[in-house]
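These notes concern the structure reproduced below.
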Number of protein chains: 4
Amino acid sequence: MKKGRLEAFSDGVIAIIITIMVLELHVPHGENIKDLVPLLPVLLSYVLSFVYVGIYWNNHHHMIYAAKTINGAILWANLHLLFWLSLIPFATAWMGENHFSRWPVILYGAVLIMNGVAYTILCGLLVTHSGEGSTLAVALGKDWKGKLSVVGYLVAIGLAFISPWIAFAIYALVAAMWFIPDRRIERNLSSSEDE
Amino acid sequence: MKKGRLEAFSDGVIAIIITIMVLELHVPHGENIKDLVPLLPVLLSYVLSFVYVGIYWNNHHHMIYAAKTINGAILWANLHLLFWLSLIPFATAWMGENHFSRWPVILYGAVLIMNGVAYTILCGLLVTHSGEGSTLAVALGKDWKGKLSVVGYLVAIGLAFISPWIAFAIYALVAAMWFIPDRRIERNLSSSEDE
Amino acid sequence: MKKGRLEAFSDGVIAIIITIMVLELHVPHGENIKDLVPLLPVLLSYVLSFVYVGIYWNNHHHMIYAAKTINGAILWANLHLLFWLSLIPFATAWMGENHFSRWPVILYGAVLIMNGVAYTILCGLLVTHSGEGSTLAVALGKDWKGKLSVVGYLVAIGLAFISPWIAFAIYALVAAMWFIPDRRIERNLSSSEDE
Amino acid sequence: MKKGRLEAFSDGVIAIIITIMVLELHVPHGENIKDLVPLLPVLLSYVLSFVYVGIYWNNHHHMIYAAKTINGAILWANLHLLFWLSLIPFATAWMGENHFSRWPVILYGAVLIMNGVAYTILCGLLVTHSGEGSTLAVALGKDWKGKLSVVGYLVAIGLAFISPWIAFAIYALVAAMWFIPDRRIERNLSSSEDE
């Protein structure tokens, strides 16, 4: 089964997800610069989610690129990931409009956890399909970054009961950790090309 | 006529359909976890439709992949399918917002029937165009799954007058039956590659 | 200059245009089948526009397929066509929500005229770029169908002052005339492949 | 790293940005031609932004086409550009709905500046990655057009305090200057192909 259409469809869905979030930046009724102030938390929430969706697109790009073929289970694991990604705009808008109050921040973390889980499942299926000794399997290794992220989100959700801003700071830190594309795959890909 | 642009355009439309449904998950005004409760039926409705659109994308992928060339009639049969798919977000939102009451559940079933009919027409034109003995024709065979689905939807619509939840359960069962990609094509494709 | 990205971008924009029109089918507040009745003109308007955008995508597909290379002027003529296509959802919604009253029907016709003009300009630039004796130039010939359409829209706008429904009927007739993909190109393409 | 998916994803996002702007053309409640008059500033604002997004797509097309490979930093510089492009619909709507009053016009200019900066960063990374003597590097040269644009936007923002319409005129003039695709790249590409 060719992976081209999986990439094209995922690109389309992710492109729409990353763009419809901006629709939550509702145009203010006033025409003064002060009228933009209430939008700042919405903008901040948008920036964080833009970076997160960008990270997922980026790593998705690398992961599928390293895979040679796909199968039916991988197609569905990919749709499962897209489902949880599609809830990010909702969680983003709720968090932004309520100025980072407790429950919206917790929901945002829960959605991030589910995305992490969906990504890990997709990852696992791709490794199984490619075979244990494949470039992809070696490159992903033990996926400590994925596991650390989920731990980070859980800690953030716990600390949100003290202050939602601490949770937000942890979400931002985890994003920063992922900001750099998955060099493990990139390095292994180029080293396997060198051989 | 090349089929590449037909795939690209269909992917684009299906990607948008699957994503705009999430816009119906209107952000609640409150900031409490209780404020999410009224959204649960909308979310449930979204999950069902996400799976259905995913199934259509998946089977569309397999079907067009097995086809070698297309013609003008196939282009229009494809647009006809996309038209009925584009009504799924509307039916989904009406069903979710009215908490699965009778008429919205019936409309949802009617839209599923029309999608099934449009898919069958597209299928038939592709088989005719490929020729009776082609991989695609052999693979699709008598399409009992497609016919069984339409029967399922009709039964569901009838039973919706007793309880809309029975209808919903049948829609979910039919989706479960389709969840697995069309192995008939996959199997025939790989066996024809083996020869 | 490669035409691949022009096709990809146009496909994306047209896919979005054809899909966002469905957002104007606002979910009714009631849960009864009667609550769908006021939506019928909106649905009728949507069907007509879906067919029109489908026709444009179809002919665009054929036209660009027949072209070998493009240039800067063609890129902009293509964007110009996409601009007028992007106004179709607005004209569709205004016509549907006002139940085909006079001015919305006239505006719809005016938008169709501008789309026809933009398509003719793009066509002309492609013919000039390909050269007078090229497959594309021979295939498009005198483009009587394009000219007849614009005459049809003008007549429809004039008759809208008597009854908007006559205008609507003419729009539907012109669409029916275009429904069949541009066989001139298809025929010439296949005959040139036969040689 | 292949650039194909970067192009596909960027095309998707830009196609959505250019199309969702039309959603701000809210359908008027009345059915008279007079009811369209209040929409004229929104339409004017839309036209300007359509041209700007078209210019960015066009130049993006040329720039990535001239690049041979990309890396992680380029991926993120590209996402950074897409982020600022995604704010154009918001700025467009605020400017159109407030009939080109001062602060919305200034915000629009500020968003244009940030887009210019993001484009320059992407440009710089591509040149560094391709190497100083590459076709791309020679073609872009000193990028006086990019620098002149930012100066133009700054002057426009300053003059907006006297009259927002002067600022609007300058935005239109800068767009006119960019209207022609980046001939520097086109010329160098074809001359390098001639060699």
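Labeling convention for the structure tokens: chains A, B, ... as they appear, residues from 1 per chain, ligands from 1 in order of appearance.
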
- Task: Compile the residues of chain B that lie within 12 Å of chain D, evaluated using only C-alpha atoms, and express the compilation as a list in words.
- Result: Ala8, Phe9, Asp11, Gly12, Val13, Ala15 and Ile16 of chain B

- DSSP alpha helix (DSSP H) residues within range 55-184 of chain B, listed as a PyMOL selection string: chain B and resi 55-66+72-86+88-97+102-130+135-140+144-159+164-179+183-184

Any chance you could export the current selection's C-alpha atoms as a tab-separated table (two decimals), in the first residue's frame?
```
chain	number	residue	atom	x	y	z
B	55	ILE	CA	-14.21	4.65	6.48
B	56	TYR	CA	-15.21	6.41	3.28
B	57	TRP	CA	-11.77	7.93	2.85
B	58	ASN	CA	-10.17	4.56	3.53
B	59	ASN	CA	-12.33	2.63	1.05
B	60	HIS	CA	-12.13	5.46	-1.49
B	61	HIS	CA	-8.35	5.21	-1.20
B	62	HIS	CA	-8.45	1.47	-1.87
B	63	MET	CA	-10.98	1.69	-4.69
B	64	ILE	CA	-9.23	4.46	-6.67
B	65	TYR	CA	-5.87	2.82	-6.02
B	66	ALA	CA	-7.10	-0.37	-7.70
B	72	GLY	CA	-15.70	11.89	-17.23
B	73	ALA	CA	-18.57	9.85	-15.78
B	74	ILE	CA	-16.33	8.64	-12.94
B	75	LEU	CA	-15.32	12.25	-12.18
B	76	TRP	CA	-18.98	13.17	-11.76
B	77	ALA	CA	-19.86	10.04	-9.78
B	78	ASN	CA	-17.01	11.00	-7.47
B	79	LEU	CA	-18.34	14.55	-7.09
B	80	HIS	CA	-21.78	13.06	-6.40
B	81	LEU	CA	-20.30	11.02	-3.54
B	82	LEU	CA	-18.49	14.10	-2.22
B	83	PHE	CA	-21.80	16.01	-2.26
B	84	TRP	CA	-23.49	13.48	0.05
B	85	LEU	CA	-20.41	13.28	2.24
B	86	SER	CA	-20.58	17.08	2.57
B	88	ILE	CA	-22.68	14.55	6.98
B	89	PRO	CA	-21.48	17.54	9.08
B	90	PHE	CA	-24.97	19.07	8.90
B	91	ALA	CA	-26.71	15.81	9.88
B	92	THR	CA	-24.12	15.23	12.60
B	93	ALA	CA	-24.64	18.65	14.14
B	94	TRP	CA	-28.45	18.39	14.07
B	95	MET	CA	-28.31	14.94	15.68
B	96	GLY	CA	-25.81	16.02	18.35
B	97	GLU	CA	-27.48	19.28	19.28
B	102	ARG	CA	-36.10	11.01	16.47
B	103	TRP	CA	-36.03	13.10	13.28
B	104	PRO	CA	-32.37	14.13	13.40
B	105	VAL	CA	-31.42	10.44	13.84
B	106	ILE	CA	-33.63	9.52	10.85
B	107	LEU	CA	-32.09	12.28	8.70
B	108	TYR	CA	-28.64	11.01	9.65
B	109	GLY	CA	-29.63	7.54	8.43
B	110	ALA	CA	-31.05	8.97	5.21
B	111	VAL	CA	-27.78	10.79	4.52
B	112	LEU	CA	-25.87	7.54	5.17
B	113	ILE	CA	-28.14	5.74	2.68
B	114	MET	CA	-27.48	8.38	0.02
B	115	ASN	CA	-23.75	8.06	0.66
B	116	GLY	CA	-24.03	4.30	0.28
B	117	VAL	CA	-25.93	4.71	-2.99
B	118	ALA	CA	-23.39	7.24	-4.32
B	119	TYR	CA	-20.53	4.91	-3.35
B	120	THR	CA	-22.21	1.98	-5.13
B	121	ILE	CA	-22.68	4.07	-8.29
B	122	LEU	CA	-19.01	5.12	-8.27
B	123	CYS	CA	-18.04	1.49	-7.64
B	124	GLY	CA	-20.16	0.27	-10.57
B	125	LEU	CA	-18.72	2.84	-12.98
B	126	LEU	CA	-15.16	1.95	-11.97
B	127	VAL	CA	-15.85	-1.77	-12.50
B	128	THR	CA	-17.45	-1.12	-15.92
B	129	HIS	CA	-14.53	1.11	-16.91
B	130	SER	CA	-11.89	-1.42	-15.76
B	135	THR	CA	-8.60	-6.95	-10.39
B	136	LEU	CA	-11.03	-4.30	-9.21
B	137	ALA	CA	-14.10	-6.14	-10.53
B	138	VAL	CA	-13.06	-9.47	-9.03
B	139	ALA	CA	-12.09	-7.80	-5.77
B	140	LEU	CA	-15.38	-6.00	-5.24
B	144	TRP	CA	-22.64	-7.72	-0.10
B	145	LYS	CA	-21.20	-5.39	2.57
B	146	GLY	CA	-22.49	-2.32	0.70
B	147	LYS	CA	-25.93	-3.86	0.25
B	148	LEU	CA	-26.08	-5.06	3.88
B	149	SER	CA	-25.24	-1.53	5.07
B	150	VAL	CA	-28.18	0.01	3.21
B	151	VAL	CA	-30.49	-2.68	4.64
B	152	GLY	CA	-29.07	-1.86	8.09
B	153	TYR	CA	-29.75	1.86	7.67
B	154	LEU	CA	-33.33	1.18	6.52
B	155	VAL	CA	-33.99	-1.08	9.54
B	156	ALA	CA	-32.44	1.58	11.80
B	157	ILE	CA	-34.70	4.30	10.38
B	158	GLY	CA	-37.74	2.07	10.97
B	159	LEU	CA	-36.71	1.30	14.56
B	164	PRO	CA	-33.66	6.60	18.30
B	165	TRP	CA	-30.96	4.93	20.42
B	166	ILE	CA	-31.60	1.56	18.73
B	167	ALA	CA	-31.06	3.34	15.40
B	168	PHE	CA	-27.84	4.88	16.71
B	169	ALA	CA	-26.62	1.44	17.86
B	170	ILE	CA	-27.27	0.01	14.38
B	171	TYR	CA	-25.36	2.90	12.74
B	172	ALA	CA	-22.45	2.12	15.08
B	173	LEU	CA	-22.65	-1.63	14.26
B	174	VAL	CA	-22.60	-0.97	10.51
B	175	ALA	CA	-19.57	1.31	11.01
B	176	ALA	CA	-17.85	-1.47	13.00
B	177	MET	CA	-18.47	-3.85	10.08
B	178	TRP	CA	-16.74	-1.41	7.70
B	179	PHE	CA	-13.99	-0.50	10.13
B	183	ARG	CA	-9.75	-6.63	2.43
B	184	ARG	CA	-11.30	-8.01	-0.74
```

Considering only C-alpha atoms, return as a PDB file with N, CA, C and O atoms, in the first residue's frame whatever protein or nucleic-acid residues lie within 9 Å of His26 in chain C, sequence-local ones (same chain, fewer than 3 positions apart) excluded.
```pdb
ATOM      1  N   PHE B  90     -23.663  18.498   8.563  1.00  0.00           N
ATOM      2  CA  PHE B  90     -24.968  19.073   8.901  1.00  0.00           C
ATOM      3  C   PHE B  90     -25.805  18.079   9.709  1.00  0.00           C
ATOM      4  O   PHE B  90     -26.333  18.396  10.773  1.00  0.00           O
TER       5      PHE B  90
ATOM      6  N   VAL C  22     -21.431  24.503   2.568  1.00  0.00           N
ATOM      7  CA  VAL C  22     -22.335  23.703   3.389  1.00  0.00           C
ATOM      8  C   VAL C  22     -22.493  24.307   4.789  1.00  0.00           C
ATOM      9  O   VAL C  22     -23.479  24.026   5.486  1.00  0.00           O
ATOM     10  N   LEU C  23     -21.534  25.160   5.180  1.00  0.00           N
ATOM     11  CA  LEU C  23     -21.649  25.819   6.497  1.00  0.00           C
ATOM     12  C   LEU C  23     -22.845  26.760   6.546  1.00  0.00           C
ATOM     13  O   LEU C  23     -23.303  27.133   7.625  1.00  0.00           O
ATOM     14  N   LEU C  39     -35.051  25.322   5.147  1.00  0.00           N
ATOM     15  CA  LEU C  39     -33.703  25.133   4.601  1.00  0.00           C
ATOM     16  C   LEU C  39     -33.710  24.697   3.140  1.00  0.00           C
ATOM     17  O   LEU C  39     -32.672  24.691   2.490  1.00  0.00           O
TER      18      LEU C  39
END
```

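With only C-alpha atoms as the basis for measurement, A:Ala67 is the residue among A:Ala67, A:Ser49, A:Gly133, A:Phe161 that approaches Leu6 in chain A most closely.
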
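Put simply, CA of Val42 in chain D is 15.9 Å away from CA of His29 in chain D.
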